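Source file entry15.tsv; content: TSV, C-alpha atoms.
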chain	number	residue	atom	x	y	z
M	28	MET	CA	49.89	1.56	-50.05
M	29	SER	CA	47.35	1.86	-47.27
M	30	ARG	CA	46.79	5.01	-45.25
M	31	ILE	CA	48.25	3.38	-42.13
M	32	ALA	CA	51.46	2.54	-43.98
M	33	VAL	CA	51.69	6.11	-45.34
M	34	ARG	CA	51.23	7.53	-41.85
M	35	ARG	CA	53.88	5.22	-40.42
M	36	ALA	CA	56.32	6.14	-43.18
M	37	THR	CA	55.62	9.85	-42.67
M	38	ASN	CA	56.05	9.49	-38.91
M	39	ALA	CA	59.37	7.66	-39.36
M	40	ALA	CA	60.60	10.30	-41.82
M	41	MET	CA	59.67	13.13	-39.47
M	42	ASN	CA	61.40	11.38	-36.56
M	43	ILE	CA	64.56	11.03	-38.64
M	44	LEU	CA	64.43	14.69	-39.68
M	45	ALA	CA	63.90	15.79	-36.07
M	46	ALA	CA	66.85	13.67	-34.93
M	47	LEU	CA	69.04	15.12	-37.67
M	48	ALA	CA	67.98	18.65	-36.70
M	49	ALA	CA	68.89	17.92	-33.07
M	50	LEU	CA	72.30	16.62	-34.16
M	51	VAL	CA	72.90	19.74	-36.25
M	52	VAL	CA	72.05	21.91	-33.23
M	53	ILE	CA	74.47	20.15	-30.86
M	54	LEU	CA	77.19	19.58	-33.47
M	55	PRO	CA	78.80	23.04	-33.05
M	56	LEU	CA	79.02	22.54	-29.28
M	57	VAL	CA	80.58	19.10	-29.72
M	58	LEU	CA	83.09	20.44	-32.23
M	59	ILE	CA	84.01	23.39	-30.00
M	60	LEU	CA	84.45	21.15	-26.96
M	61	GLY	CA	86.51	18.67	-28.92
M	62	PHE	CA	88.76	21.36	-30.37
M	63	LEU	CA	89.25	23.02	-26.96
M	64	ILE	CA	90.10	19.68	-25.37
M	65	PHE	CA	92.57	18.94	-28.18
M	66	ARG	CA	94.30	22.34	-27.97
M	67	GLY	CA	93.91	23.19	-24.30
M	68	SER	CA	94.45	19.92	-22.47
M	69	THR	CA	98.21	20.03	-23.12
M	70	ALA	CA	98.58	23.13	-20.91
M	71	LEU	CA	96.35	21.92	-18.08
M	72	ASN	CA	98.23	20.90	-14.95
M	73	VAL	CA	98.23	21.64	-11.24
M	74	ALA	CA	100.31	24.78	-11.72
M	75	PHE	CA	97.70	26.21	-14.09
M	76	PHE	CA	95.11	26.23	-11.27
M	77	VAL	CA	97.31	27.33	-8.34
M	78	HIS	CA	100.02	29.62	-9.77
M	79	LEU	CA	99.97	33.24	-10.89
M	80	PRO	CA	101.00	34.28	-14.42
M	81	THR	CA	104.73	34.45	-15.00
M	82	PRO	CA	106.51	37.61	-16.16
M	83	VAL	CA	106.31	38.47	-19.84
M	84	GLY	CA	108.32	36.05	-21.95
M	85	GLU	CA	108.83	33.40	-19.27
M	86	PRO	CA	107.11	30.02	-19.77
M	87	GLY	CA	104.96	28.33	-17.14
M	88	GLY	CA	102.70	29.90	-14.58
M	89	GLY	CA	98.94	29.63	-14.41
M	90	MET	CA	95.64	31.47	-14.20
M	91	ALA	CA	94.67	30.98	-10.56
M	92	ASN	CA	93.99	34.68	-10.10
M	93	ALA	CA	91.86	34.81	-13.26
M	94	ILE	CA	89.77	31.81	-12.19
M	95	THR	CA	89.03	33.27	-8.75
M	96	GLY	CA	88.50	36.69	-10.32
M	97	SER	CA	85.87	35.36	-12.74
M	98	LEU	CA	84.04	33.64	-9.88
M	99	THR	CA	84.18	36.87	-7.85
M	100	LEU	CA	82.78	38.94	-10.72
M	101	ILE	CA	80.00	36.43	-11.34
M	102	GLY	CA	79.15	36.48	-7.64
M	103	LEU	CA	79.01	40.28	-7.59
M	104	ALA	CA	76.85	40.38	-10.71
M	105	ALA	CA	74.49	37.73	-9.33
M	106	ALA	CA	74.21	39.53	-5.98
M	107	GLY	CA	72.65	42.50	-7.74
M	108	GLY	CA	71.13	41.10	-10.91
M	109	VAL	CA	69.35	38.04	-9.52
M	110	PRO	CA	67.18	39.63	-6.80
M	111	LEU	CA	66.37	42.69	-8.91
M	112	GLY	CA	65.52	40.53	-11.93
M	113	ILE	CA	63.30	38.17	-9.96
M	114	LEU	CA	61.47	40.96	-8.12
M	115	GLY	CA	61.02	42.89	-11.36
M	116	GLY	CA	59.72	39.82	-13.16
M	117	VAL	CA	57.21	39.14	-10.39
M	118	TYR	CA	56.02	42.73	-10.59
M	119	LEU	CA	55.55	42.58	-14.36
M	120	ALA	CA	53.60	39.33	-14.08
M	121	GLN	CA	51.42	40.37	-11.14
M	122	SER	CA	50.83	44.07	-11.83
M	123	ARG	CA	47.40	45.18	-13.01
M	124	ASP	CA	48.71	48.45	-14.40
M	125	ARG	CA	48.97	48.68	-18.16
M	126	ARG	CA	51.46	51.48	-18.80
M	127	LEU	CA	54.42	50.96	-16.46
M	128	PRO	CA	54.79	47.18	-17.00
M	129	TRP	CA	54.66	47.70	-20.78
M	130	LEU	CA	57.40	50.32	-20.53
M	131	CYS	CA	59.52	48.05	-18.32
M	132	ARG	CA	59.18	45.16	-20.77
M	133	PHE	CA	60.12	47.40	-23.68
M	134	LEU	CA	63.17	48.78	-21.88
M	135	ALA	CA	64.24	45.29	-20.77
M	136	ASP	CA	64.04	44.03	-24.36
M	137	VAL	CA	66.05	47.01	-25.57
M	138	LEU	CA	68.64	46.51	-22.82
M	139	ASN	CA	68.92	42.84	-23.72
M	140	GLY	CA	69.89	43.86	-27.25
M	141	VAL	CA	72.40	46.54	-26.29
M	142	PRO	CA	75.99	45.52	-27.17
M	143	SER	CA	77.96	44.53	-24.10
M	144	ILE	CA	80.71	47.04	-24.89
M	145	VAL	CA	78.15	49.85	-24.52
M	146	ILE	CA	77.21	48.52	-21.09
M	147	GLY	CA	80.92	48.49	-20.25
M	148	ILE	CA	81.18	52.17	-21.22
M	149	PHE	CA	78.11	52.89	-19.08
M	150	ALA	CA	79.71	51.22	-16.04
M	151	TYR	CA	82.96	53.03	-16.80
M	152	THR	CA	81.18	56.39	-16.72
M	153	LEU	CA	79.04	55.54	-13.71
M	154	ILE	CA	81.66	53.93	-11.44
M	155	VAL	CA	85.19	54.00	-12.81
M	156	LEU	CA	85.39	57.73	-13.51
M	157	PRO	CA	83.99	58.84	-10.10
M	158	MET	CA	86.24	56.33	-8.28
M	159	ARG	CA	89.18	57.17	-10.57
M	160	ARG	CA	90.21	53.54	-10.72
M	161	PHE	CA	89.22	50.27	-12.34
M	162	SER	CA	87.67	47.82	-9.92
M	163	ALA	CA	85.96	44.51	-9.41
M	164	LEU	CA	82.88	46.44	-8.28
M	165	ALA	CA	82.59	48.18	-11.65
M	166	GLY	CA	82.97	44.85	-13.46
M	167	GLY	CA	80.29	43.28	-11.29
M	168	VAL	CA	77.88	46.13	-12.01
M	169	ALA	CA	78.45	45.84	-15.77
M	170	LEU	CA	77.85	42.09	-15.74
M	171	GLY	CA	74.84	42.51	-13.45
M	172	VAL	CA	73.25	44.93	-15.92
M	173	ILE	CA	73.69	42.30	-18.64
M	174	MET	CA	72.05	39.66	-16.44
M	175	LEU	CA	69.12	41.82	-15.38
M	176	PRO	CA	66.88	41.77	-18.49
M	177	ILE	CA	67.40	38.04	-19.05
M	178	ILE	CA	66.32	37.13	-15.51
M	179	LEU	CA	63.52	39.69	-15.49
M	180	ARG	CA	61.85	38.45	-18.67
M	181	THR	CA	62.38	34.79	-17.79
M	182	THR	CA	60.87	35.26	-14.33
M	183	GLU	CA	57.88	37.10	-15.77
M	184	GLU	CA	57.09	34.33	-18.23
M	185	LEU	CA	57.51	31.59	-15.62
M	186	VAL	CA	55.33	33.39	-13.06
M	187	ARG	CA	52.64	33.82	-15.70
M	188	MET	CA	52.68	30.04	-16.24
M	189	VAL	CA	51.74	29.37	-12.61
M	190	PRO	CA	48.08	28.26	-12.63
M	191	ALA	CA	45.72	30.99	-11.49
M	192	SER	CA	43.78	28.40	-9.46
M	193	LEU	CA	46.74	28.00	-7.08
M	194	GLN	CA	46.88	31.72	-6.38
M	195	GLU	CA	43.11	31.98	-6.03
M	196	ALA	CA	43.06	29.09	-3.57
M	197	ALA	CA	45.77	30.73	-1.46
M	198	LEU	CA	43.93	34.07	-1.51
M	199	ALA	CA	40.71	32.29	-0.56
M	200	LEU	CA	42.45	30.97	2.56
M	201	GLY	CA	43.10	34.54	3.67
M	202	LEU	CA	46.77	34.90	2.71
M	203	PRO	CA	47.86	38.40	1.69
M	204	GLN	CA	49.15	38.89	-1.84
M	205	TRP	CA	52.83	39.10	-0.84
M	206	LYS	CA	52.63	35.78	1.00
M	207	VAL	CA	50.94	34.18	-2.00
M	208	VAL	CA	53.83	35.33	-4.18
M	209	LEU	CA	56.47	34.28	-1.67
M	210	HIS	CA	55.05	30.90	-0.61
M	211	VAL	CA	53.05	29.80	-3.65
M	212	VAL	CA	54.10	31.54	-6.87
M	213	LEU	CA	57.88	31.57	-6.52
M	214	PRO	CA	58.21	27.99	-5.19
M	215	THR	CA	56.00	26.76	-8.02
M	216	ALA	CA	58.08	28.53	-10.67
M	217	ARG	CA	61.50	28.10	-9.05
M	218	ALA	CA	62.73	25.43	-11.46
M	219	GLY	CA	62.34	27.66	-14.48
M	220	ILE	CA	63.65	30.71	-12.62
M	221	ILE	CA	66.82	28.84	-11.62
M	222	THR	CA	67.29	27.76	-15.21
M	223	GLY	CA	66.91	31.37	-16.35
M	224	VAL	CA	69.47	32.50	-13.79
M	225	MET	CA	71.95	29.91	-15.04
M	226	VAL	CA	71.37	31.05	-18.62
M	227	ALA	CA	72.20	34.59	-17.52
M	228	VAL	CA	75.31	33.39	-15.67
M	229	ALA	CA	76.45	31.50	-18.78
M	230	ARG	CA	75.92	34.69	-20.79
M	231	ILE	CA	78.15	36.85	-18.58
M	232	ALA	CA	80.81	34.24	-17.86
M	233	GLY	CA	82.52	34.79	-21.19
M	234	GLU	CA	82.00	38.54	-21.56
M	235	THR	CA	85.23	40.39	-22.29
M	236	ALA	CA	84.36	43.83	-23.69
M	237	PRO	CA	82.65	45.22	-20.53
M	238	LEU	CA	85.56	44.09	-18.36
M	239	LEU	CA	88.08	45.99	-20.49
M	240	PHE	CA	86.41	49.22	-19.31
M	241	THR	CA	85.74	48.17	-15.72
M	242	ALA	CA	87.78	45.32	-14.18
M	243	PHE	CA	90.72	45.98	-16.54
M	244	GLY	CA	92.67	42.90	-15.39
M	245	ASN	CA	95.35	42.16	-12.85
M	246	ARG	CA	98.34	39.81	-12.97
M	247	PHE	CA	98.30	39.40	-9.20
M	248	TRP	CA	95.77	38.45	-6.51
M	249	HIS	CA	93.14	41.06	-5.80
M	250	ARG	CA	92.71	42.11	-2.19
M	251	ARG	CA	89.77	44.50	-2.33
M	252	LEU	CA	86.72	45.03	-4.51
M	253	ASP	CA	87.80	48.60	-5.32
M	254	GLU	CA	90.91	47.57	-7.25
M	255	PRO	CA	91.46	45.94	-10.66
M	256	ILE	CA	90.75	42.23	-10.84
M	257	ALA	CA	91.75	39.45	-13.22
M	258	ALA	CA	89.19	37.43	-15.16
M	259	LEU	CA	89.43	34.44	-17.44
M	260	PRO	CA	88.08	36.22	-20.56
M	261	LEU	CA	90.55	39.07	-20.08
M	262	GLN	CA	93.45	36.70	-19.50
M	263	ILE	CA	92.51	34.61	-22.53
M	264	PHE	CA	92.30	37.73	-24.70
M	265	SER	CA	95.65	39.01	-23.46
M	266	TYR	CA	97.38	35.67	-24.00
M	267	ALA	CA	95.76	35.05	-27.39
M	268	ILE	CA	97.12	38.27	-28.92
M	269	SER	CA	100.61	37.79	-27.43
M	270	PRO	CA	103.55	36.56	-29.55
M	271	PHE	CA	104.46	33.73	-27.14
M	272	ASP	CA	103.56	30.13	-27.96
M	273	ASP	CA	103.34	29.13	-24.28
M	274	TRP	CA	100.78	31.86	-23.67
M	275	HIS	CA	98.83	30.67	-26.69
M	276	ARG	CA	98.64	27.19	-25.15
M	277	GLN	CA	97.49	28.67	-21.85
M	278	ALA	CA	94.86	30.73	-23.68
M	279	TRP	CA	93.38	27.51	-25.10
M	280	ALA	CA	93.52	25.95	-21.64
M	281	GLY	CA	91.78	29.00	-20.15
M	282	ALA	CA	89.04	28.77	-22.77
M	283	LEU	CA	88.59	25.10	-21.89
M	284	VAL	CA	88.33	25.91	-18.18
M	285	LEU	CA	85.87	28.73	-18.89
M	286	ILE	CA	83.48	26.59	-20.92
M	287	SER	CA	83.86	23.81	-18.36
M	288	LEU	CA	82.75	26.19	-15.61
M	289	VAL	CA	79.67	27.08	-17.63
M	290	LEU	CA	78.87	23.40	-18.22
M	291	VAL	CA	79.35	22.56	-14.54
M	292	MET	CA	77.07	25.41	-13.44
M	293	SER	CA	74.43	24.33	-15.94
M	294	LEU	CA	74.68	20.75	-14.69
M	295	LEU	CA	74.34	21.89	-11.08
M	296	ALA	CA	71.25	23.89	-12.03
M	297	ARG	CA	69.74	20.82	-13.67
M	298	LEU	CA	70.47	18.73	-10.58
M	299	ALA	CA	69.07	21.43	-8.30
M	300	THR	CA	65.81	21.55	-10.25
M	301	LYS	CA	65.53	17.80	-10.81
M	302	GLY	CA	62.12	16.54	-9.84
M	303	LEU	CA	60.53	20.01	-9.86
M	304	TYR	CA	58.71	19.33	-13.13
M	305	ASN	CA	55.61	17.20	-13.04
M	306	ARG	CA	54.40	14.97	-15.83
M	307	ARG	CA	52.18	17.66	-17.29
M	308	GLY	CA	55.18	19.83	-18.09
M	309	THR	CA	54.35	22.53	-15.53
M	310	TYR	CA	56.16	23.43	-12.34
M	311	GLY	CA	55.55	22.09	-8.90

Can the structure in the file be given as structure tokens, please?
Amino acid sequence: MSRIAVRRATNAAMNILAALAALVVILPLVLILGFLIFRGSTALNVAFFVHLPTPVGEPGGGMANAITGSLTLIGLAAAGGVPLGILGGVYLAQSRDRRLPWLCRFLADVLNGVPSIVIGIFAYTLIVLPMRRFSALAGGVALGVIMLPIILRTTEELVRMVPASLQEAALALGLPQWKVVLHVVLPTARAGIITGVMVAVARIAGETAPLLFTAFGNRFWHRRLDEPIAALPLQIFSYAISPFDDWHRQAWAGALVLISLVLVMSLLARLATKGLYNRRGTYG
């Protein structure tokens, strides 16, 4: 067999192995989606999205308050975690100091590995105990802390990938450093930063443990941010451990809605960043 034939056979074998590896990676997601659709679609109807939960033991009702509560908590977490994470990532990438950025990276990596229940206890001590009540604000802070290291490290890496020639050209034109960052660096890296933000949102969307110590849950509509609030993960957990079959069906439906929200947000992020990558694989 000639060398060309051996190379073609090796290339074909490697392509097959790579395709099989890709299938193995996406297979769990496909199986989870299929199982959730099979178990949860039977409980999905209009009432599920517009009605409140029924009293204990009564069939029917929905999770409208939990859906809006999850969106509220994600919004609160993003309002604090996104700007702090992006600004911190820019600082780590642009700073010339050696000690403080290294310490910030180390602490961010440690925080990223801290169990979410510990962050929930931290928010409970910091906010719930002084306020003497569970609240949406405490839940948003806990989720924002979880988001922060993910966005910070992602932003740092993406800002570092911006070509130095672009920044040097902007500085050569007389722009101050802050304008270079604002008008050159961040727009160039915005596609990757948005993707990192959506990864962080997907991470917090299904968190349950921190909300047990902060948001606590609510079977009714919330009116203020300083009172308990419902959330899909909490409602799913409560329904899943109940002895009622109807609540079990709604728990599967809630899980399906939750993962659908994550998929929709990821799709919107992809559409928002479409066309921001050039053919060289960089940003711009």

### Task
Enter the distance from atom CA of Val224 of chain M to atom CA of Thr181 of chain M, in Å, rounded to one decimal.
8.5 Å

#### Entry: For atom CA of Ala91 of chain M and atom CA of Leu79 of chain M, the interatomic separation in Å (one decimal)
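Those two atoms sit 5.8 Å apart.
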
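We find atom CA of Ala216 of chain M and atom CA of Val109 of chain M to be spaced 14.8 Å apart.
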
Tell me which protein, DNA and RNA residues are within 8 Å of Glu184 of chain M, counting all atoms listed in the file, leaving out same-chain ones fewer than 4 positions away, and put them as a short mmCIF file (atom, residue, chain, number, x, y, z; two decimals) with C-alpha atoms, in the frame of the given file.
data_model
loop_
_atom_site.label_atom_id
_atom_site.label_comp_id
_atom_site.auth_asym_id
_atom_site.auth_seq_id
_atom_site.Cartn_x
_atom_site.Cartn_y
_atom_site.Cartn_z
CA GLY M 116 59.72 39.82 -13.16
CA ALA M 120 53.60 39.33 -14.08
CA ARG M 180 61.85 38.45 -18.67
CA MET M 188 52.68 30.04 -16.24
#

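The protein and nucleic acid residues lying at most 7 Å from Val186 of chain M are Val117, Ala120, Thr182, Glu183, Val189, Val212 and Ala216 of chain M, with only C-alpha atoms considered and sequence neighbours fewer than 3 positions away removed.
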
### Query
Which residue gives the smallest distance to Trp205 of chain M among M:Asn38, M:Gln121, M:Ala104, M:Arg66, with all atoms listed in the file counted?
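Looking at the shortest contact to Trp205 of chain M, the residue is M:Gln121.
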
#### Entry: Best match for closeness to Asp253 of chain M among M:Ala40, M:Leu164, M:Met225, M:Val289, counting all atoms listed in the file
M:Leu164

List as a short mmCIF file (atom, residue, chain, number, x, y, z; two decimals) with C-alpha atoms, in the coordinates of the input the protein and nucleic acid residues near Pro176 of chain M, meaning an atom at most 7 Å away when all atoms listed in the file are counted, but skip any in the same chain fewer than 2 places from it.
data_model
loop_
_atom_site.label_atom_id
_atom_site.label_comp_id
_atom_site.auth_asym_id
_atom_site.auth_seq_id
_atom_site.Cartn_x
_atom_site.Cartn_y
_atom_site.Cartn_z
CA GLY M 112 65.52 40.53 -11.93
CA ALA M 135 64.24 45.29 -20.77
CA ASP M 136 64.04 44.03 -24.36
CA LEU M 138 68.64 46.51 -22.82
CA ASN M 139 68.92 42.84 -23.72
CA ILE M 173 73.69 42.30 -18.64
CA MET M 174 72.05 39.66 -16.44
CA ILE M 178 66.32 37.13 -15.51
CA LEU M 179 63.52 39.69 -15.49
CA ARG M 180 61.85 38.45 -18.67
#

### Message
Given the point (48.3, 28.6, -4.2) in the file's coordinates, find the residues that have an atom at most 10 Å from it, counting all atoms listed in the file, and give them as a ChimeraX atom specification.
### Response
/M:189-200,202,206-208,210-212,214-215

### Task
Fewer than 6 positions away in the same chain doesn't count, so skip those; otherwise give me all residues within 10 Å of His78 of chain M, counting all atoms listed in the file, as a ChimeraX atom specification.
/M:87-92,247

Completed segment 208-236 of chain M (N, CA and C atoms) as a compact mmCIF listing (two decimals), keeping the file's coordinate frame:
# COMPACT_ATOMS: atom_id res chain seq x y z
N VAL M 208 52.68 35.29 -3.27
CA VAL M 208 53.83 35.33 -4.18
C VAL M 208 55.02 34.60 -3.59
N LEU M 209 55.28 34.84 -2.31
CA LEU M 209 56.47 34.28 -1.67
C LEU M 209 56.36 32.78 -1.42
N HIS M 210 55.19 32.30 -1.02
CA HIS M 210 55.05 30.90 -0.61
C HIS M 210 54.37 30.01 -1.64
N VAL M 211 53.77 30.60 -2.66
CA VAL M 211 53.05 29.80 -3.65
C VAL M 211 53.65 30.00 -5.05
N VAL M 212 53.70 31.26 -5.49
CA VAL M 212 54.10 31.54 -6.87
C VAL M 212 55.57 31.21 -7.11
N LEU M 213 56.44 31.78 -6.29
CA LEU M 213 57.88 31.57 -6.52
C LEU M 213 58.30 30.11 -6.32
N PRO M 214 57.84 29.41 -5.28
CA PRO M 214 58.21 27.99 -5.19
C PRO M 214 57.70 27.16 -6.36
N THR M 215 56.54 27.52 -6.89
CA THR M 215 56.00 26.76 -8.02
C THR M 215 56.83 26.98 -9.28
N ALA M 216 57.34 28.20 -9.46
CA ALA M 216 58.08 28.53 -10.67
C ALA M 216 59.59 28.47 -10.49
N ARG M 217 60.07 27.98 -9.35
CA ARG M 217 61.50 28.10 -9.05
C ARG M 217 62.38 27.31 -10.01
N ALA M 218 61.90 26.22 -10.54
CA ALA M 218 62.73 25.43 -11.46
C ALA M 218 63.08 26.24 -12.70
N GLY M 219 62.08 26.85 -13.30
CA GLY M 219 62.34 27.66 -14.48
C GLY M 219 63.14 28.91 -14.17
N ILE M 220 62.90 29.51 -13.00
CA ILE M 220 63.65 30.71 -12.62
C ILE M 220 65.12 30.38 -12.44
N ILE M 221 65.42 29.26 -11.79
CA ILE M 221 66.82 28.84 -11.62
C ILE M 221 67.47 28.60 -12.96
N THR M 222 66.75 27.98 -13.86
CA THR M 222 67.29 27.76 -15.21
C THR M 222 67.58 29.09 -15.90
N GLY M 223 66.68 30.06 -15.76
CA GLY M 223 66.91 31.37 -16.35
C GLY M 223 68.12 32.07 -15.75
N VAL M 224 68.29 31.92 -14.44
CA VAL M 224 69.47 32.50 -13.79
C VAL M 224 70.75 31.88 -14.33
N MET M 225 70.76 30.58 -14.53
CA MET M 225 71.95 29.91 -15.04
C MET M 225 72.23 30.31 -16.49
N VAL M 226 71.18 30.55 -17.26
CA VAL M 226 71.37 31.05 -18.62
C VAL M 226 72.04 32.42 -18.58
N ALA M 227 71.60 33.27 -17.66
CA ALA M 227 72.20 34.59 -17.52
C ALA M 227 73.65 34.49 -17.06
N VAL M 228 73.94 33.58 -16.13
CA VAL M 228 75.31 33.39 -15.67
C VAL M 228 76.20 32.91 -16.82
N ALA M 229 75.68 31.98 -17.62
CA ALA M 229 76.45 31.50 -18.78
C ALA M 229 76.70 32.63 -19.77
N ARG M 230 75.76 33.55 -19.87
CA ARG M 230 75.92 34.69 -20.79
C ARG M 230 77.07 35.59 -20.33
N ILE M 231 77.15 35.89 -19.04
CA ILE M 231 78.15 36.85 -18.58
C ILE M 231 79.51 36.21 -18.33
N ALA M 232 79.55 34.89 -18.20
CA ALA M 232 80.81 34.24 -17.86
C ALA M 232 81.90 34.49 -18.89
N GLY M 233 81.53 34.60 -20.14
CA GLY M 233 82.52 34.79 -21.19
C GLY M 233 82.62 36.20 -21.71
N GLU M 234 81.95 37.16 -21.09
CA GLU M 234 82.00 38.54 -21.56
C GLU M 234 83.39 39.15 -21.34
N THR M 235 83.91 39.78 -22.37
CA THR M 235 85.23 40.39 -22.29
C THR M 235 85.16 41.90 -22.43
N ALA M 236 84.38 42.39 -23.39
CA ALA M 236 84.36 43.83 -23.69
C ALA M 236 84.01 44.69 -22.47
